[in-house]
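Just structure_21.cif here, mmCIF, C-alpha atoms and all ligand atoms:
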```cif
data_entry
loop_
_atom_site.label_atom_id
_atom_site.label_comp_id
_atom_site.auth_asym_id
_atom_site.auth_seq_id
_atom_site.Cartn_x
_atom_site.Cartn_y
_atom_site.Cartn_z
CA MET A 274 91.38 74.78 108.82
CA ARG A 275 94.75 75.59 107.32
CA ILE A 276 97.84 75.16 109.53
CA SER A 277 100.96 77.04 108.49
CA LEU A 278 104.44 77.12 110.01
CA VAL A 279 106.62 80.21 109.63
CA LEU A 280 109.92 81.44 110.96
CA GLY A 281 109.42 84.88 112.46
CA ASP A 282 108.43 87.25 115.22
CA ILE A 283 104.86 86.90 116.42
CA THR A 284 104.57 90.63 117.14
CA GLN A 285 104.83 91.33 113.41
CA GLN A 286 102.08 89.00 112.25
CA GLN A 287 99.14 90.43 110.33
CA VAL A 288 96.47 88.18 111.76
CA ASP A 289 93.26 88.76 113.70
CA ALA A 290 94.70 87.43 116.95
CA ILE A 291 98.11 86.50 118.30
CA VAL A 292 98.50 84.21 121.29
CA ASN A 293 100.77 85.24 124.15
CA ALA A 294 102.62 82.70 126.27
CA ALA A 295 101.78 84.69 129.38
CA ASN A 296 102.27 83.89 133.04
CA SER A 297 99.44 83.64 135.52
CA SER A 298 99.97 87.16 136.88
CA LEU A 299 99.02 88.63 133.46
CA LEU A 300 101.40 91.45 134.35
CA GLY A 301 104.07 90.70 131.77
CA GLY A 302 107.27 88.75 131.77
CA GLY A 303 110.17 87.81 129.55
CA GLY A 304 110.33 86.02 126.22
CA VAL A 305 107.39 86.39 123.89
CA ASP A 306 105.33 88.06 126.65
CA GLY A 307 107.95 90.80 127.04
CA ALA A 308 108.13 91.33 123.27
CA ILE A 309 104.33 91.63 122.95
CA HIS A 310 104.08 94.22 125.74
CA ARG A 311 107.13 96.13 124.50
CA LYS A 312 105.86 96.43 120.94
CA GLY A 313 102.16 96.58 121.72
CA GLY A 314 102.53 99.46 124.18
CA PRO A 315 100.90 100.17 127.56
CA ALA A 316 97.27 99.64 126.47
CA ILE A 317 97.65 95.85 126.65
CA LEU A 318 99.11 95.89 130.16
CA GLU A 319 96.40 98.29 131.29
CA GLU A 320 93.71 95.86 130.08
CA CYS A 321 95.53 92.95 131.72
CA ARG A 322 95.57 94.86 135.02
CA LYS A 323 91.82 95.45 134.78
CA LEU A 324 91.15 91.79 133.98
CA ARG A 325 93.25 90.79 136.94
CA ALA A 326 91.40 93.14 139.25
CA SER A 327 87.94 92.10 138.01
CA HIS A 328 88.31 88.35 137.41
CA TYR A 329 91.75 86.90 138.08
CA GLY A 330 92.83 88.17 141.48
CA LYS A 331 94.53 84.82 142.10
CA GLY A 332 95.96 84.79 138.59
CA LEU A 333 94.85 83.11 135.38
CA ALA A 334 95.01 79.33 135.79
CA THR A 335 97.42 77.22 133.74
CA GLY A 336 95.74 76.06 130.52
CA GLN A 337 93.22 78.92 130.48
CA ALA A 338 93.07 81.90 128.09
CA VAL A 339 91.74 85.44 128.03
CA ALA A 340 91.78 88.21 125.40
CA THR A 341 92.72 91.87 125.28
CA THR A 342 93.05 94.28 122.42
CA ALA A 343 96.48 94.44 120.76
CA GLY A 344 97.54 98.05 121.28
CA ASN A 345 100.00 99.11 118.58
CA LEU A 346 100.47 95.63 117.12
CA PRO A 347 99.16 94.79 113.64
CA ALA A 348 96.85 92.13 115.12
CA ARG A 349 93.44 93.10 116.53
CA TRP A 350 93.60 91.00 119.68
CA VAL A 351 96.07 89.31 121.99
CA ILE A 352 94.89 86.05 123.54
CA HIS A 353 96.88 85.46 126.74
CA THR A 354 97.27 81.85 127.82
CA VAL A 355 99.32 80.34 130.62
CA GLY A 356 101.37 77.34 129.58
CA PRO A 357 102.48 74.66 132.03
CA VAL A 358 106.05 74.60 133.33
CA TYR A 359 107.64 71.41 131.93
CA SER A 360 108.11 68.53 134.34
CA ALA A 361 109.93 65.29 133.51
CA THR A 362 108.02 63.43 136.23
CA ASP A 363 104.50 64.87 135.96
CA ASP A 364 102.73 64.67 132.57
CA ARG A 365 101.29 68.12 131.91
CA SER A 366 100.49 67.53 128.23
CA GLU A 367 96.75 68.04 128.77
CA LEU A 368 97.42 71.51 130.13
CA LEU A 369 99.51 72.42 127.09
CA ALA A 370 96.78 71.08 124.78
CA SER A 371 94.25 73.07 126.81
CA CYS A 372 96.15 76.32 126.10
CA HIS A 373 95.55 75.71 122.40
CA HIS A 374 91.92 74.63 122.77
CA GLN A 375 91.03 77.51 125.08
CA SER A 376 92.81 80.05 122.87
CA LEU A 377 90.82 78.84 119.86
CA ARG A 378 87.60 78.97 121.89
CA ILE A 379 88.34 82.61 122.75
CA ALA A 380 89.20 83.27 119.08
CA ASP A 381 85.76 81.92 118.13
CA GLU A 382 84.13 84.21 120.68
CA LEU A 383 85.97 87.18 119.19
CA GLY A 384 85.19 86.14 115.61
CA ALA A 385 88.91 85.89 114.80
CA GLN A 386 89.55 83.97 111.56
CA THR A 387 93.35 83.93 111.62
CA VAL A 388 95.31 83.15 114.77
CA ALA A 389 99.08 83.02 115.34
CA PHE A 390 100.60 80.88 118.11
CA PRO A 391 104.16 80.88 119.48
CA ALA A 392 105.67 77.62 120.74
CA ILE A 393 104.01 77.87 124.17
CA SER A 394 106.03 76.65 127.19
CA THR A 395 109.23 76.03 125.16
CA GLY A 396 111.20 79.00 126.49
CA ILE A 397 111.45 79.89 130.16
CA TYR A 398 108.99 77.03 130.96
CA GLY A 399 111.43 74.47 129.57
CA TRP A 400 109.26 72.16 127.43
CA PRO A 401 111.32 70.14 124.90
CA MET A 402 110.57 71.53 121.44
CA ALA A 403 109.74 68.24 119.66
CA SER A 404 107.24 67.24 122.33
CA ALA A 405 105.67 70.71 122.45
CA ALA A 406 105.32 70.69 118.65
CA GLU A 407 103.56 67.31 118.69
CA ILE A 408 101.12 68.37 121.43
CA ALA A 409 100.41 71.80 119.90
CA LEU A 410 99.76 70.45 116.40
CA GLN A 411 97.60 67.60 117.66
CA ALA A 412 95.58 70.00 119.84
CA VAL A 413 94.96 72.40 116.96
CA ARG A 414 94.08 69.61 114.50
CA SER A 415 91.56 68.14 116.92
CA ALA A 416 89.91 71.46 117.83
CA SER A 417 86.38 72.19 116.72
CA THR A 418 86.61 75.86 115.76
CA ARG A 419 85.58 78.34 113.10
CA VAL A 420 89.16 79.68 112.87
CA ALA A 421 90.27 79.37 109.24
CA GLU A 422 94.04 79.66 109.65
CA VAL A 423 96.33 78.77 112.52
CA ARG A 424 99.87 80.02 111.99
CA PHE A 425 102.65 78.76 114.25
CA VAL A 426 105.30 81.45 114.40
CA LEU A 427 108.61 79.86 115.33
CA PHE A 428 111.42 82.03 116.54
CA ASP A 429 114.40 80.00 115.32
CA ARG A 430 115.22 77.27 112.80
CA GLU A 431 115.34 74.55 115.42
CA ALA A 432 111.78 75.33 116.46
CA LEU A 433 110.64 75.52 112.85
CA SER A 434 112.13 72.14 111.97
CA ALA A 435 110.66 70.53 115.09
CA PHE A 436 107.20 71.69 114.00
CA GLU A 437 107.84 70.69 110.38
CA SER A 438 108.75 67.15 111.44
CA GLN A 439 105.37 66.85 113.16
CA ASN A 440 103.46 68.41 110.26
CA PRO A 441 104.82 67.00 107.00
CA ALA A 442 103.73 69.09 104.02
P1 LIG B 501 107.15 80.17 128.12
O1 LIG B 501 107.25 80.87 129.44
O2 LIG B 501 105.74 79.69 127.83
O3 LIG B 501 108.19 79.09 127.96
P2 LIG B 501 108.69 82.03 126.42
O4 LIG B 501 108.23 83.35 125.97
O5 LIG B 501 109.83 81.96 127.35
O6 LIG B 501 107.37 81.30 127.03
O7 LIG B 501 109.04 81.13 125.16
C1 LIG B 501 108.10 80.53 124.29
C2 LIG B 501 108.69 80.44 122.91
O8 LIG B 501 108.54 81.69 122.25
C3 LIG B 501 110.20 80.11 122.85
O9 LIG B 501 110.39 79.08 121.89
C4 LIG B 501 110.83 81.42 122.41
O10 LIG B 501 112.00 81.19 121.62
C5 LIG B 501 109.73 82.00 121.55
N1 LIG B 501 109.75 83.46 121.34
C6 LIG B 501 110.36 84.44 122.06
N2 LIG B 501 110.11 85.65 121.51
C7 LIG B 501 109.31 85.43 120.43
C8 LIG B 501 108.71 86.27 119.43
N3 LIG B 501 108.87 87.59 119.45
N4 LIG B 501 107.95 85.68 118.46
C9 LIG B 501 107.76 84.34 118.43
N5 LIG B 501 108.29 83.50 119.34
C10 LIG B 501 109.06 84.04 120.32
#
```
Could you express the structure from this file as structure tokens?
Amino acid sequence: MRISLVLGDITQQQVDAIVNAANSSLLGGGGVDGAIHRKGGPAILEECRKLRASHYGKGLATGQAVATTAGNLPARWVIHTVGPVYSATDDRSELLASCHHQSLRIADELGAQTVAFPAISTGIYGWPMASAAEIALQAVRSASTRVAEVRFVLFDREALSAFESQNPA
């Protein structure tokens, strides 16, 4: 598997699947979630509503992932995963790793070869960027998957350099 790190907007990526840092309601939110729904259009939210009604009445659990189509986005699918809220006293690293493993498992089910991830949990959920980068890269490297390229799409230079420090070229 190839791992690449790019500065950019995940909604513009030409990949088979992009991962959304969703919340458990699946009904949209701020940050990357808001951008995906805004640019992808109402079809994604409609599918999320149906998934919620059929399977996730109590919400999608932290660390789990589920896919919808990608509406008007260039990707084919959106894989929604719920990152853990950062806690300084409770180690939730396994849940953050699980977001990556479960997203790649869903990608395999879809037959997606190229998958773009944002820096899950590092926005509203408060995870320190360097720690999130280490966990995300380790989780992806250790995954057994048929995905050929994982692209981390970092929204600013600070995020990009945090990931670069954990993934020397
Ligand atoms: P969470 O609730 O999991 O913390 P956020 O969406 O608040 O999710 O933030 C996750 C990360 O995504 C942050 O580092 C934020 O800067 C970044 N981000 C926000 N919008 C985009 C976007 N359009 N493309 C890529 N990354 C984004």
TODO: Please identify all polymer residues within 10 Å of Ala316 (chain A), counting only C-alpha atoms, omitting same-chain residues fewer than 4 positions from it, and present them as a PyMOL selection string.
DONE: chain A and resi 310+320-322+341-345
Prev. selection, C-alpha atoms, output as a PDB file, in the coordinates of the input:
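Below you can see selection05.pdb, which holds the result:
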```
ATOM      1  CA  HIS A 310     104.080  94.220 125.740  1.00  0.00           C
ATOM      2  CA  GLU A 320      93.710  95.860 130.080  1.00  0.00           C
ATOM      3  CA  CYS A 321      95.530  92.950 131.720  1.00  0.00           C
ATOM      4  CA  ARG A 322      95.570  94.860 135.020  1.00  0.00           C
ATOM      5  CA  THR A 341      92.720  91.870 125.280  1.00  0.00           C
ATOM      6  CA  THR A 342      93.050  94.280 122.420  1.00  0.00           C
ATOM      7  CA  ALA A 343      96.480  94.440 120.760  1.00  0.00           C
ATOM      8  CA  GLY A 344      97.540  98.050 121.280  1.00  0.00           C
ATOM      9  CA  ASN A 345     100.000  99.110 118.580  1.00  0.00           C
TER      10      ASN A 345
END
```
- [ ] For ligand LIG 501 (chain B), collect every residue having any atom at a distance of at most 9 Å from a ligand atom (counting all atoms listed in the file); output as a PyMOL selection string.
- [x] chain A and resi 280-285+293-296+302-309+354-359+390-400+402+425-429+432
Task: CA of Gln439 (chain A) to CA of Glu407 (chain A), distance in Å rounded to a single decimal - done: 5.8 Å
- [ ] Kindly indicate which residue among A:Glu431, A:Glu367, A:Glu319, A:Glu422 lies nearest to Gln287 (chain A), using all atoms listed in the file for the distances.
- [x] A:Glu422
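Note that CA of Leu300 (chain A) and CA of Leu324 (chain A) are 10.3 Å apart.
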Can you pull out the residues contacting Pro441 (chain A)? Cut-off 12 Å, using only C-alpha atoms, and skip same-chain residues under 4 positions away; I want them as a PDB file with C-alpha atoms, in the frame of the given file.
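Result file follows (around_30.pdb):
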```
ATOM      1  CA  ILE A 276      97.840  75.160 109.530  1.00  0.00           C
ATOM      2  CA  SER A 277     100.960  77.040 108.490  1.00  0.00           C
ATOM      3  CA  LEU A 278     104.440  77.120 110.010  1.00  0.00           C
ATOM      4  CA  GLU A 407     103.560  67.310 118.690  1.00  0.00           C
ATOM      5  CA  LEU A 410      99.760  70.450 116.400  1.00  0.00           C
ATOM      6  CA  LEU A 433     110.640  75.520 112.850  1.00  0.00           C
ATOM      7  CA  SER A 434     112.130  72.140 111.970  1.00  0.00           C
ATOM      8  CA  ALA A 435     110.660  70.530 115.090  1.00  0.00           C
ATOM      9  CA  PHE A 436     107.200  71.690 114.000  1.00  0.00           C
ATOM     10  CA  GLU A 437     107.840  70.690 110.380  1.00  0.00           C
TER      11      GLU A 437
END
```
TODO: For CA of Ser438 (chain A) and CA of Val279 (chain A), quote the distance in Å rounded to one decimal.
DONE: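 Between CA of Ser438 (chain A) and CA of Val279 (chain A) the gap works out to 13.4 Å.
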TODO: Considering all atoms listed in the file, state which residue in the set A:Ala412, A:Val388, A:Ala442, A:Ala403 is at the smallest distance from Val288 (chain A).
DONE: A:Val388
TODO: Give the answer as one residue: which of A:Ile291, A:Ile379, A:Val420, A:Ala334 has the shortest atom-to-atom distance to Trp350 (chain A), using all atoms listed in the file?
DONE: A:Ile291
Open item on the list: Using all atoms listed in the file, can you tell me which of A:Lys331, A:Arg311, A:Arg414, A:Lys323 comes closest to Ala370 (chain A)?
Closed with: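 Among the listed residues, A:Arg414 lies closest to Ala370 (chain A).
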Task: Option closest in space to Leu299 (chain A), from A:Lys312, A:Gly330, A:Asp364, A:Gln286 [counting only C-alpha atoms] - done: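 Going through A:Lys312, A:Gly330, A:Asp364, A:Gln286 one by one, the smallest distance to Leu299 (chain A) is for A:Gly330.
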I need region 339-367 of chain A from the structure I supplied, saved as a CSV table (one decimal), in the first residue's frame with N, CA and C atoms retained.
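Output below, filename selection_11.csv:
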```csv
chain,number,residue,atom,x,y,z
A,339,VAL,N,-19.4,3.4,8.3
A,339,VAL,CA,-20.5,3.0,7.4
A,339,VAL,C,-20.4,3.8,6.1
A,340,ALA,N,-20.8,3.2,4.9
A,340,ALA,CA,-20.7,4.0,3.7
A,340,ALA,C,-22.0,4.4,3.1
A,341,THR,N,-21.9,5.5,2.4
A,341,THR,CA,-23.0,6.0,1.5
A,341,THR,C,-22.3,6.3,0.1
A,342,THR,N,-23.2,6.6,-0.8
A,342,THR,CA,-22.6,7.2,-2.1
A,342,THR,C,-22.2,8.6,-1.8
A,343,ALA,N,-21.6,9.3,-2.8
A,343,ALA,CA,-20.9,10.5,-2.6
A,343,ALA,C,-21.6,11.7,-3.3
A,344,GLY,N,-22.9,11.5,-3.7
A,344,GLY,CA,-23.6,12.7,-4.2
A,344,GLY,C,-22.8,13.3,-5.4
A,345,ASN,N,-22.7,14.6,-5.3
A,345,ASN,CA,-22.0,15.4,-6.3
A,345,ASN,C,-20.5,15.5,-6.2
A,346,LEU,N,-19.9,14.8,-5.2
A,346,LEU,CA,-18.5,14.8,-5.0
A,346,LEU,C,-17.8,14.0,-6.1
A,347,PRO,N,-16.5,14.3,-6.4
A,347,PRO,CA,-15.8,13.5,-7.4
A,347,PRO,C,-15.5,12.0,-6.9
A,348,ALA,N,-15.5,11.8,-5.6
A,348,ALA,CA,-15.4,10.4,-5.1
A,348,ALA,C,-16.6,9.6,-5.4
A,349,ARG,N,-16.5,8.2,-5.3
A,349,ARG,CA,-17.7,7.4,-5.5
A,349,ARG,C,-18.5,7.2,-4.2
A,350,TRP,N,-17.7,7.1,-3.1
A,350,TRP,CA,-18.4,6.8,-1.9
A,350,TRP,C,-17.8,7.7,-0.8
A,351,VAL,N,-18.7,7.9,0.2
A,351,VAL,CA,-18.2,8.5,1.5
A,351,VAL,C,-18.3,7.4,2.6
A,352,ILE,N,-17.2,7.2,3.3
A,352,ILE,CA,-17.2,6.3,4.4
A,352,ILE,C,-17.3,7.2,5.7
A,353,HIS,N,-18.4,7.1,6.4
A,353,HIS,CA,-18.6,7.9,7.6
A,353,HIS,C,-18.1,7.1,8.8
A,354,THR,N,-17.2,7.7,9.6
A,354,THR,CA,-16.7,7.1,10.8
A,354,THR,C,-16.8,8.1,11.9
A,355,VAL,N,-17.0,7.6,13.2
A,355,VAL,CA,-17.1,8.5,14.3
A,355,VAL,C,-15.8,8.4,15.2
A,356,GLY,N,-15.1,9.5,15.2
A,356,GLY,CA,-13.9,9.5,16.0
A,356,GLY,C,-14.2,9.7,17.4
A,357,PRO,N,-13.2,9.4,18.3
A,357,PRO,CA,-13.4,9.6,19.7
A,357,PRO,C,-13.1,11.1,20.0
A,358,VAL,N,-13.9,11.6,21.0
A,358,VAL,CA,-13.5,13.0,21.6
A,358,VAL,C,-12.2,12.8,22.4
A,359,TYR,N,-11.3,13.6,22.2
A,359,TYR,CA,-10.0,13.5,22.9
A,359,TYR,C,-10.2,13.7,24.4
A,360,SER,N,-9.5,12.8,25.2
A,360,SER,CA,-9.5,13.0,26.7
A,360,SER,C,-8.1,12.9,27.2
A,361,ALA,N,-7.7,13.8,28.0
A,361,ALA,CA,-6.3,13.7,28.6
A,361,ALA,C,-6.2,12.6,29.6
A,362,THR,N,-7.3,12.2,30.2
A,362,THR,CA,-7.2,11.2,31.3
A,362,THR,C,-7.6,9.8,30.9
A,363,ASP,N,-8.3,9.7,29.8
A,363,ASP,CA,-8.8,8.3,29.3
A,363,ASP,C,-8.2,8.1,27.9
A,364,ASP,N,-7.4,7.0,27.8
A,364,ASP,CA,-6.7,6.7,26.6
A,364,ASP,C,-7.7,6.1,25.5
A,365,ARG,N,-8.0,6.9,24.5
A,365,ARG,CA,-9.0,6.5,23.5
A,365,ARG,C,-8.3,6.2,22.2
A,366,SER,N,-7.0,5.9,22.2
A,366,SER,CA,-6.2,5.7,21.0
A,366,SER,C,-6.8,4.5,20.2
A,367,GLU,N,-7.2,3.4,20.9
A,367,GLU,CA,-7.7,2.2,20.2
A,367,GLU,C,-8.9,2.6,19.4
```
